[in-house]
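First up is the structure itself, then whatever we jot down about it.
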Amino acid sequence: MTLDDLLHDKRRLFWVLQLIGWSGWAMSFYLGVLVWGEPPENYLWYLPVVSGIGMLITLALRWLYRMTWEASLGRRVFAILAGSWCAGASWMACRATIFASAFPKEHAAQDTGKSEFLSYFSGSISAFWVMLVWSALYFGIKYYLLAQEEKQRSLKAMSMAQEAQLKMLRYQLNPHFLFNTLNAISTLILDRDTKLANDMVMRLSRFLRYSLDNDPMQRVTVAEEVDALKLYLDIEQVRFGDRLQLHFNIDRRAADALIPSLLLQPLVENSIKYAIAQSVGGGSIGVSASIAGSELQLEVADDGPGLDLRNGRLPKGGGVGLVNIRERLKQLYGDRQSFRLSTTEPHGLTITITLPVERSIPGDQKP
């Protein structure tokens, strides 16, 4: 059993700590007896017995503390002090009774000058401190476990919130892309180009099936992402024909690196919208992936109008896609990612994404 398993099983943890704590007390007490004198014969069985009795008495303390857990601070402090004192006195009385019965000579030699009854409670102060330390440990460990549970609940809540936000961002892409594609299909129908419209519907169906079959929280390899991107580009190829030139440069070392699913599609869609659709002669789009040290670099470049040099922004903004990608990367990688816009020479836009290299372990499912 691992430590995490033990921390989650409070009942077993309590008894493990009880055994460790009371065994430690017995060993330290026996060493003290050895230092200050010679222990009586058969003394070794006496210590486990009184340790077991102390353990049973602390069960009563545990019940008391559970009963007063929701009480005011003053009542809880009173319960701790009074309970520890009563537990210590009871334990000391039991110890003295057993000691007197098992070792009468040693008991008779311990002349405390007190009455026979009070002699049974001799040493109650030290026993009180033992019980008080036990109580402090009980409350300390309990508060620690409660704090850990609260931390776990907080982390789980944050994780669920992050997952919900990522799913929202991921699902936001489908209606955005679908809106643009249906507009294109509608235009083809109005132009009475039913064959191209039908081809576009079939390719749209294949792309949406891929999108729906993939978990929005799943990460895929660069090679799989490029295959999905080609499904999308098949649709756009119907619209633009020879006006759309595509270039892929995927480094073999980068092909099996993991990235969020459908990360590149909005970037290519942005290039088609601003670089291809607005140019009579069309244009070209290049997609590349490479490894630089411990970083994966993804680039989508086009030869369109590029950046507005006065403010460093895309002409007419940049749409939902780029904002979506920025947010997804920020949620998934935090400060370990970068998203840069730059000018493609001699003109055009290059979007560069840098991510830490992550690879799937053979036989494991992707996160």
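Chain labels run A, B, ... following the order of the structure tokens; each chain numbers its residues from 1, and ligands are numbered from 1 in the order shown.
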- Message: Would you pick out the contacts of Ala289 of chain A at 9 Å or less, using only C-alpha atoms, so that residues sharing its chain but fewer than 2 positions from it are not included, and give the list as a PyMOL selection string?
- Response: chain A and resi 222+248-252+254-255+287+291+296-299
- Mind checking which residues fall within 12 Å of Tyr210 of chain A, counting only C-alpha atoms, ignoring those fewer than 6 positions away in the same chain, and posting them as a list in words? Asn174, Arg203, Leu204, Pro216, Glu224, Glu225, Asp227, Ala228, Leu229, Lys230, Leu231, Tyr232, Ser261 and Leu262 of chain A
- Query: With distances taken over only C-alpha atoms, which of A:Ser101, A:Ser90, A:Gln245, A:Gln148 is nearest to Phe128 of chain A?
  - Reply: A:Ser90
- Task: Have a look at atom CA of Ser126 of chain A and atom CA of Gly88 of chain A and let me know their distance in Å, one decimal.
- Result: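 Going from atom CA of Ser126 of chain A over to atom CA of Gly88 of chain A, I get 7.9 Å.
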- Message: Considering only C-alpha atoms, can you say which of A:Thr97, A:Thr58, A:Asn180, A:Thr194 comes closest to Glu269 of chain A?
- Response: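 Using only C-alpha atoms, Glu269 of chain A sits closest to A:Asn180.
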- Do a neighbour search on Ala89 of chain A at 6 Å with only C-alpha atoms, toss out local chain neighbours closer than 3 positions, and write the hits as number ranges by chain. A: 86, 92, 124
May I have the selected residues written with all heavy atoms, as a PDB file, in the first residue's frame?
ATOM      1  N   CYS A  86      -8.516  13.450  32.605  1.00  0.00           N
ATOM      2  CA  CYS A  86      -9.249  12.250  33.020  1.00  0.00           C
ATOM      3  C   CYS A  86      -8.641  10.992  32.390  1.00  0.00           C
ATOM      4  O   CYS A  86      -8.510   9.953  33.046  1.00  0.00           O
ATOM      5  CB  CYS A  86     -10.715  12.365  32.624  1.00  0.00           C
ATOM      6  SG  CYS A  86     -11.613  13.641  33.525  1.00  0.00           S
ATOM      7  N   MET A  92      -3.170   6.068  34.437  1.00  0.00           N
ATOM      8  CA  MET A  92      -2.206   5.888  35.522  1.00  0.00           C
ATOM      9  C   MET A  92      -2.748   4.929  36.573  1.00  0.00           C
ATOM     10  O   MET A  92      -1.999   4.108  37.129  1.00  0.00           O
ATOM     11  CB  MET A  92      -1.911   7.252  36.156  1.00  0.00           C
ATOM     12  CG  MET A  92      -0.572   7.306  36.872  1.00  0.00           C
ATOM     13  SD  MET A  92       0.812   7.096  35.722  1.00  0.00           S
ATOM     14  CE  MET A  92       1.843   5.995  36.701  1.00  0.00           C
ATOM     15  N   SER A 124       0.203  11.002  37.600  1.00  0.00           N
ATOM     16  CA  SER A 124      -0.892  11.377  36.698  1.00  0.00           C
ATOM     17  C   SER A 124      -0.523  12.576  35.828  1.00  0.00           C
ATOM     18  O   SER A 124      -1.008  12.710  34.700  1.00  0.00           O
ATOM     19  CB  SER A 124      -2.159  11.693  37.500  1.00  0.00           C
ATOM     20  OG  SER A 124      -2.654  10.525  38.115  1.00  0.00           O
TER      21      SER A 124
END
- Pick out the closest residue to His247 of chain A from this set: A:Ser279, A:Asn270, A:Ser288, A:Thr352. Count only C-alpha atoms. A:Ser288
- Task: Could you check which of A:Ile235, A:Leu19, A:Ala100, A:Leu61 is closest to Leu178 of chain A, using only C-alpha atoms?
- Result: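 Under the stated criterion, the closest residue is A:Ile235.
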- Could you find all residues in segment 21-165 of chain A that DSSP calls alpha helix (DSSP H) from the backbone, and write them as a PyMOL selection string? chain A and resi 21-36+43-67+73-102+104-109+116-119+124-165
I want to know what sits within 9 Å of Leu188 of chain A, based on only C-alpha atoms, with residues of the same chain fewer than 6 positions away left out; could you give that as a compact mmCIF listing (two decimals) with C-alpha atoms, in the first residue's frame?
# COMPACT_ATOMS: atom_id res chain seq x y z
CA THR A 194 -24.61 21.36 -57.86
CA LYS A 195 -21.73 18.94 -58.48
CA LEU A 196 -19.23 21.06 -56.57
CA ALA A 197 -21.84 21.75 -53.88
CA ARG A 239 -14.05 26.24 -53.50
- Quote the spacing between atom CA of Leu233 of chain A and atom CA of Asp303 of chain A in Å to one decimal place.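 Pair atom CA of Leu233 of chain A / atom CA of Asp303 of chain A returns 17.0 Å.
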Who sits within 8 Å of Pro305 of chain A, only C-alpha atoms, same chain under 5 positions skipped, as a CSV table (one decimal) with C-alpha atoms, in the first residue's frame:
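Dumped everything to around_6.csv:
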chain,number,residue,atom,x,y,z
A,274,TYR,CA,-7.6,36.9,-45.5
A,275,ALA,CA,-4.9,35.6,-48.0
A,315,PRO,CA,-6.4,43.4,-41.3
A,347,HIS,CA,4.6,39.9,-47.8
A,348,GLY,CA,2.1,37.8,-46.0
A,349,LEU,CA,1.5,36.5,-42.5
- Item | Spatial neighbours of Trp63 of chain A, 12 Å, only C-alpha atoms, chain gap at least 3 places, as a ChimeraX atom specification | /A:56-60,66-69,79-80,83,135,138
For the residues in the current selection, export all heavy atoms as a CSV table (one decimal), in the first residue's frame.
chain,number,residue,atom,x,y,z
A,56,LEU,N,-6.7,2.1,24.2
A,56,LEU,CA,-8.1,1.9,24.3
A,56,LEU,C,-8.7,3.2,25.0
A,56,LEU,O,-9.8,3.7,24.6
A,56,LEU,CB,-8.4,0.7,25.2
A,56,LEU,CG,-8.1,-0.6,24.6
A,56,LEU,CD1,-8.4,-1.7,25.6
A,56,LEU,CD2,-9.0,-0.9,23.3
A,57,ILE,N,-7.9,3.8,25.9
A,57,ILE,CA,-8.4,5.0,26.5
A,57,ILE,C,-8.5,6.2,25.5
A,57,ILE,O,-9.4,7.0,25.6
A,57,ILE,CB,-7.5,5.4,27.8
A,57,ILE,CG1,-7.8,4.4,28.9
A,57,ILE,CG2,-7.8,6.8,28.3
A,57,ILE,CD1,-6.8,4.6,30.1
A,58,THR,N,-7.5,6.2,24.6
A,58,THR,CA,-7.5,7.3,23.6
A,58,THR,C,-8.7,7.1,22.6
A,58,THR,O,-9.1,8.1,22.0
A,58,THR,CB,-6.2,7.3,22.8
A,58,THR,OG1,-5.9,6.0,22.3
A,58,THR,CG2,-5.1,7.8,23.7
A,59,LEU,N,-9.3,5.9,22.5
A,59,LEU,CA,-10.5,5.8,21.7
A,59,LEU,C,-11.6,6.6,22.3
A,59,LEU,O,-12.5,7.1,21.6
A,59,LEU,CB,-10.8,4.3,21.6
A,59,LEU,CG,-9.9,3.4,20.8
A,59,LEU,CD1,-10.4,2.0,20.8
A,59,LEU,CD2,-9.6,4.0,19.4
A,60,ALA,N,-11.7,6.6,23.7
A,60,ALA,CA,-12.7,7.4,24.4
A,60,ALA,C,-12.4,8.9,24.1
A,60,ALA,O,-13.4,9.7,23.9
A,60,ALA,CB,-12.7,7.1,25.9
A,66,ARG,N,-14.8,13.9,18.7
A,66,ARG,CA,-15.8,13.9,17.6
A,66,ARG,C,-17.1,14.6,18.0
A,66,ARG,O,-17.7,15.3,17.2
A,66,ARG,CB,-16.0,12.5,17.1
A,66,ARG,CG,-14.9,11.9,16.3
A,66,ARG,CD,-15.3,10.5,15.9
A,66,ARG,NE,-14.4,9.9,14.9
A,66,ARG,CZ,-14.5,8.7,14.3
A,66,ARG,NH1,-15.5,7.9,14.7
A,66,ARG,NH2,-13.7,8.3,13.4
A,67,MET,N,-17.5,14.3,19.2
A,67,MET,CA,-18.7,14.9,19.7
A,67,MET,C,-18.6,16.4,19.9
A,67,MET,O,-19.6,17.1,19.8
A,67,MET,CB,-19.1,14.3,21.1
A,67,MET,CG,-19.4,12.8,21.1
A,67,MET,SD,-20.9,12.4,20.0
A,67,MET,CE,-20.2,11.8,18.5
A,68,THR,N,-17.5,16.9,20.2
A,68,THR,CA,-17.3,18.4,20.4
A,68,THR,C,-16.7,19.1,19.2
A,68,THR,O,-16.2,20.2,19.3
A,68,THR,CB,-16.5,18.6,21.7
A,68,THR,OG1,-15.2,18.0,21.5
A,68,THR,CG2,-17.2,18.1,22.9
A,69,TRP,N,-16.6,18.4,18.1
A,69,TRP,CA,-15.9,19.0,16.9
A,69,TRP,C,-16.5,20.3,16.4
A,69,TRP,O,-15.8,21.2,16.0
A,69,TRP,CB,-15.8,17.9,15.8
A,69,TRP,CG,-14.9,18.4,14.6
A,69,TRP,CD1,-15.4,18.9,13.4
A,69,TRP,CD2,-13.5,18.4,14.6
A,69,TRP,NE1,-14.3,19.2,12.6
A,69,TRP,CE2,-13.2,18.9,13.3
A,69,TRP,CE3,-12.5,18.0,15.4
A,69,TRP,CZ2,-11.8,19.0,12.9
A,69,TRP,CZ3,-11.2,18.2,15.0
A,69,TRP,CH2,-10.9,18.7,13.8
A,79,ALA,N,-12.7,20.6,26.6
A,79,ALA,CA,-12.8,19.1,26.3
A,79,ALA,C,-11.4,18.5,26.2
A,79,ALA,O,-11.2,17.4,26.7
A,79,ALA,CB,-13.6,18.9,25.1
A,80,ILE,N,-10.5,19.2,25.5
A,80,ILE,CA,-9.2,18.7,25.4
A,80,ILE,C,-8.4,18.6,26.7
A,80,ILE,O,-7.9,17.5,27.1
A,80,ILE,CB,-8.4,19.6,24.4
A,80,ILE,CG1,-8.9,19.4,23.0
A,80,ILE,CG2,-6.9,19.2,24.4
A,80,ILE,CD1,-8.3,20.4,22.0
A,83,GLY,N,-10.5,16.2,29.1
A,83,GLY,CA,-10.5,14.8,28.6
A,83,GLY,C,-9.1,14.3,28.8
A,83,GLY,O,-8.9,13.1,29.2
A,135,SER,N,-3.5,14.2,22.1
A,135,SER,CA,-4.7,15.0,21.6
A,135,SER,C,-4.2,16.1,20.6
A,135,SER,O,-4.8,16.3,19.6
A,135,SER,CB,-5.3,15.7,22.8
A,135,SER,OG,-5.8,14.8,23.7
A,138,TYR,N,-3.6,14.3,17.4
A,138,TYR,CA,-4.9,13.9,16.8
A,138,TYR,C,-5.5,15.1,16.0
A,138,TYR,O,-5.9,15.0,14.9
A,138,TYR,CB,-5.8,13.5,17.9
A,138,TYR,CG,-7.2,13.2,17.4
A,138,TYR,CD1,-7.5,12.0,16.8
A,138,TYR,CD2,-8.3,14.1,17.5
A,138,TYR,CE1,-8.8,11.7,16.3
A,138,TYR,CE2,-9.5,13.9,17.0
A,138,TYR,CZ,-9.8,12.7,16.4
A,138,TYR,OH,-11.1,12.4,15.9
- Query: At what distance in Å, to one decimal, does atom CA of Met202 of chain A lie from atom CA of Ala277 of chain A?
  - Reply: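 These atoms are spaced 21.7 Å apart.
When the distance limit is 8 Å and only C-alpha atoms are what count, the residues near segment 26-41 of chain A, minus those fewer than 2 positions from it on the same chain, are Trp22, Ser23, Gly24, Tyr43, Leu47, Pro48, Ser51, Phe103 and Glu106 of chain A.
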